[in-house]
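Novice: Just passing along the structure, written as C-alpha cells.
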Amino acid sequence: MVEMSREDFEDAVRDALDSIPPELGELMDNVVVLVEDDGPEDEPALLGLYEGTPLTERTDAWFGSLPDRITVFRNPTLAVCHDRAEVVEEVAVTVVHEVAHHFGIDDERLEELGWD
C-alpha cells in the first residue's frame with residue numbers, strides 16, 4: 001500500500017480534472033467531485049463511483065435536481081498501487097472513467113476504448 005496524504009491525493013484528483021480537455025470540462029453540468037477515504041460497504045475495493053443522471057438521459061424533468069456525484073476512493077486506490085506515480089496514473093484513469101459515465105458512456109464502451 002502506498003502512503004499518500006489526503007491532501008496529496010486530493011491534489012492528484014484535481015490534476016486529473018485539470019487534464020480533461022477544456023471543451024469537455026465546459027460541458028460537464030451540475031456535477032461535484034469528491035474524495036472519500038473508503039469505498040462503499042458493499043464494494044470496499046471500488047476506486048471510483050458516479051452517481052447521478054448522465055447527460056444523455058436528462059430531460060426537462062431533471063431540471064433542479066441535486067448535483068451528480070463523482071467520488072474517488074483514496075484507500076482502495078492506494079492499496080492497488082505500488083508507488084506515487086502509479087497512484088497519480090490510477091487517479092487519472094478513475095477520473096476519466098467516472099466523467100465518461102457523466103457523459104453517458106457505459107463500462108462496456110469504456111473497455112472497448114481501452115479504459116478498463
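Ordering of the C-alpha cells sets the chain letters (A, B, ...); residue numbers start at 1 within each chain; ligands are numbered from 1 in the order shown.
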Skipping near chain neighbours, those fewer than 2 positions away, what residues fall within 10 Å of stretch 77-81 of chain A using only C-alpha atoms, listed as a PyMOL selection string?
Specialist: chain A and resi 1-4+9+37-39+45-48+72-75+83-91+94
Novice: Excluding stretch 105-111 of chain A and its own-chain neighbours fewer than 2 positions away, which residues fall within 12 Å of it when counting only C-alpha atoms? Please give them as a VMD selection string.
Specialist: chain A and resid 49 to 50 53 to 57 93 to 94 96 to 103 113 to 116
Novice: Would you put the residues from that selection into a file with N, CA, C and O atoms, as an mmCIF file, in the first residue's frame?
Specialist:
data_model
loop_
_atom_site.group_PDB
_atom_site.id
_atom_site.type_symbol
_atom_site.label_atom_id
_atom_site.label_comp_id
_atom_site.auth_asym_id
_atom_site.auth_seq_id
_atom_site.Cartn_x
_atom_site.Cartn_y
_atom_site.Cartn_z
ATOM 1 N N LEU A 49 -16.775 6.135 -8.227
ATOM 2 C CA LEU A 49 -18.209 5.904 -8.371
ATOM 3 C C LEU A 49 -18.864 7.151 -8.934
ATOM 4 O O LEU A 49 -18.613 8.264 -8.464
ATOM 5 N N TYR A 50 -19.697 6.954 -9.947
ATOM 6 C CA TYR A 50 -20.533 8.030 -10.484
ATOM 7 C C TYR A 50 -21.952 7.774 -10.026
ATOM 8 O O TYR A 50 -22.485 6.673 -10.204
ATOM 9 N N THR A 53 -27.559 11.295 -12.980
ATOM 10 C CA THR A 53 -28.227 11.087 -14.256
ATOM 11 C C THR A 53 -27.287 11.547 -15.357
ATOM 12 O O THR A 53 -26.972 12.738 -15.436
ATOM 13 N N PRO A 54 -26.825 10.615 -16.195
ATOM 14 C CA PRO A 54 -25.920 11.011 -17.276
ATOM 15 C C PRO A 54 -26.542 12.090 -18.161
ATOM 16 O O PRO A 54 -27.762 12.158 -18.315
ATOM 17 N N LEU A 55 -25.699 12.917 -18.748
ATOM 18 C CA LEU A 55 -26.179 13.995 -19.608
ATOM 19 C C LEU A 55 -27.070 13.466 -20.721
ATOM 20 O O LEU A 55 -28.032 14.128 -21.112
ATOM 21 N N THR A 56 -26.776 12.274 -21.212
ATOM 22 C CA THR A 56 -27.548 11.703 -22.319
ATOM 23 C C THR A 56 -28.951 11.263 -21.906
ATOM 24 O O THR A 56 -29.777 10.988 -22.773
ATOM 25 N N GLU A 57 -29.226 11.202 -20.608
ATOM 26 C CA GLU A 57 -30.532 10.742 -20.129
ATOM 27 C C GLU A 57 -31.353 11.848 -19.472
ATOM 28 O O GLU A 57 -32.471 11.606 -19.015
ATOM 29 N N VAL A 93 -7.002 7.755 -14.506
ATOM 30 C CA VAL A 93 -7.865 6.789 -15.200
ATOM 31 C C VAL A 93 -9.239 6.737 -14.529
ATOM 32 O O VAL A 93 -10.275 6.723 -15.214
ATOM 33 N N THR A 94 -9.258 6.732 -13.217
ATOM 34 C CA THR A 94 -10.531 6.678 -12.486
ATOM 35 C C THR A 94 -11.372 7.911 -12.765
ATOM 36 O O THR A 94 -12.584 7.815 -13.016
ATOM 37 N N VAL A 96 -11.250 9.916 -15.416
ATOM 38 C CA VAL A 96 -11.743 9.832 -16.799
ATOM 39 C C VAL A 96 -12.909 8.853 -16.882
ATOM 40 O O VAL A 96 -13.934 9.128 -17.527
ATOM 41 N N HIS A 97 -12.772 7.718 -16.227
ATOM 42 C CA HIS A 97 -13.805 6.686 -16.232
ATOM 43 C C HIS A 97 -15.134 7.236 -15.690
ATOM 44 O O HIS A 97 -16.192 7.068 -16.303
ATOM 45 N N GLU A 98 -15.076 7.907 -14.542
ATOM 46 C CA GLU A 98 -16.300 8.408 -13.913
ATOM 47 C C GLU A 98 -16.880 9.602 -14.680
ATOM 48 O O GLU A 98 -18.102 9.734 -14.795
ATOM 49 N N VAL A 99 -16.028 10.458 -15.219
ATOM 50 C CA VAL A 99 -16.506 11.568 -16.054
ATOM 51 C C VAL A 99 -17.194 11.003 -17.297
ATOM 52 O O VAL A 99 -18.228 11.515 -17.740
ATOM 53 N N ALA A 100 -16.645 9.936 -17.850
ATOM 54 C CA ALA A 100 -17.270 9.299 -19.016
ATOM 55 C C ALA A 100 -18.685 8.833 -18.674
ATOM 56 O O ALA A 100 -19.607 8.984 -19.493
ATOM 57 N N HIS A 101 -18.880 8.301 -17.480
ATOM 58 C CA HIS A 101 -20.229 7.908 -17.061
ATOM 59 C C HIS A 101 -21.159 9.123 -17.026
ATOM 60 O O HIS A 101 -22.330 9.026 -17.393
ATOM 61 N N HIS A 102 -20.646 10.261 -16.591
ATOM 62 C CA HIS A 102 -21.435 11.504 -16.579
ATOM 63 C C HIS A 102 -21.896 11.854 -17.996
ATOM 64 O O HIS A 102 -22.998 12.365 -18.192
ATOM 65 N N PHE A 103 -21.072 11.528 -18.982
ATOM 66 C CA PHE A 103 -21.413 11.791 -20.380
ATOM 67 C C PHE A 103 -22.207 10.646 -21.017
ATOM 68 O O PHE A 103 -22.478 10.660 -22.211
ATOM 69 N N LEU A 113 -12.782 1.060 -25.527
ATOM 70 C CA LEU A 113 -11.881 2.187 -25.786
ATOM 71 C C LEU A 113 -10.550 2.055 -25.038
ATOM 72 O O LEU A 113 -9.687 2.927 -25.169
ATOM 73 N N GLY A 114 -10.402 0.996 -24.235
ATOM 74 C CA GLY A 114 -9.144 0.771 -23.525
ATOM 75 C C GLY A 114 -9.074 1.419 -22.153
ATOM 76 O O GLY A 114 -7.993 1.515 -21.570
ATOM 77 N N TRP A 115 -10.208 1.826 -21.585
ATOM 78 C CA TRP A 115 -10.227 2.471 -20.265
ATOM 79 C C TRP A 115 -10.779 1.526 -19.210
ATOM 80 O O TRP A 115 -11.521 1.908 -18.342
ATOM 81 N N ASP A 116 -10.375 0.258 -19.244
ATOM 82 C CA ASP A 116 -10.890 -0.691 -18.254
ATOM 83 C C ASP A 116 -10.085 -0.701 -16.994
ATOM 84 O O ASP A 116 -9.105 -0.130 -16.810
#
Novice: Check chain A with DSSP on the backbone and list each residue it calls strand (DSSP E), as a list in words.
Specialist: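 Restricting chain A to strand (DSSP E) produces Val31, Val32, Val33, Leu34, Val35, Glu36, Gly48, Leu49, Tyr50, Glu51, Asp68, Arg69, Ile70, Thr71, Val72 and Phe73 of chain A.
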Novice: Could you check how far atom CA of A:Glu10 sits from atom CA of A:Arg58, in Å to one decimal?
Specialist: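 Here the two named atoms are 29.1 Å from each other.
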Novice: Neighbouring residues of A:Pro67 were defined as those with any atom within 7 Å, considering only C-alpha atoms; residues of the same chain fewer than 3 positions away were excluded. Please report them as a compact mmCIF listing (two decimals) with N, CA and C atoms, in the first residue's frame.
Specialist:
# COMPACT_ATOMS: atom_id res chain seq x y z
N ASN A 30 -23.62 20.38 -13.54
CA ASN A 30 -24.19 20.05 -12.24
C ASN A 30 -23.61 18.76 -11.68
N VAL A 31 -22.29 18.73 -11.56
CA VAL A 31 -21.60 17.55 -11.03
C VAL A 31 -20.54 18.01 -10.03
N VAL A 32 -20.42 17.30 -8.93
CA VAL A 32 -19.42 17.59 -7.92
C VAL A 32 -18.48 16.39 -7.82
Novice: Pull the alpha helix (DSSP H) assignments for chain A out of DSSP run on the backbone, and list those residues as JSON, numbers by chain.
Specialist: {"A": [6, 7, 8, 9, 10, 11, 12, 13, 14, 15, 16, 17, 18, 22, 23, 24, 25, 74, 75, 76, 77, 78, 79, 80, 84, 85, 86, 87, 88, 89, 90, 91, 92, 93, 94, 95, 96, 97, 98, 99, 100, 101, 102, 107, 108, 109, 110, 111, 112]}
Novice: Atom CA of A:Glu36 to atom CA of A:Pro76: how many Å, to one decimal?
Specialist: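 Between atom CA of A:Glu36 and atom CA of A:Pro76 the gap works out to 10.1 Å.
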Novice: Suppose you want the space between atom CA of A:Val33 and atom CA of A:Ala16; what is it in Å?
Specialist: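 Answer for the atom CA of A:Val33 to atom CA of A:Ala16 separation: 11.1 Å.
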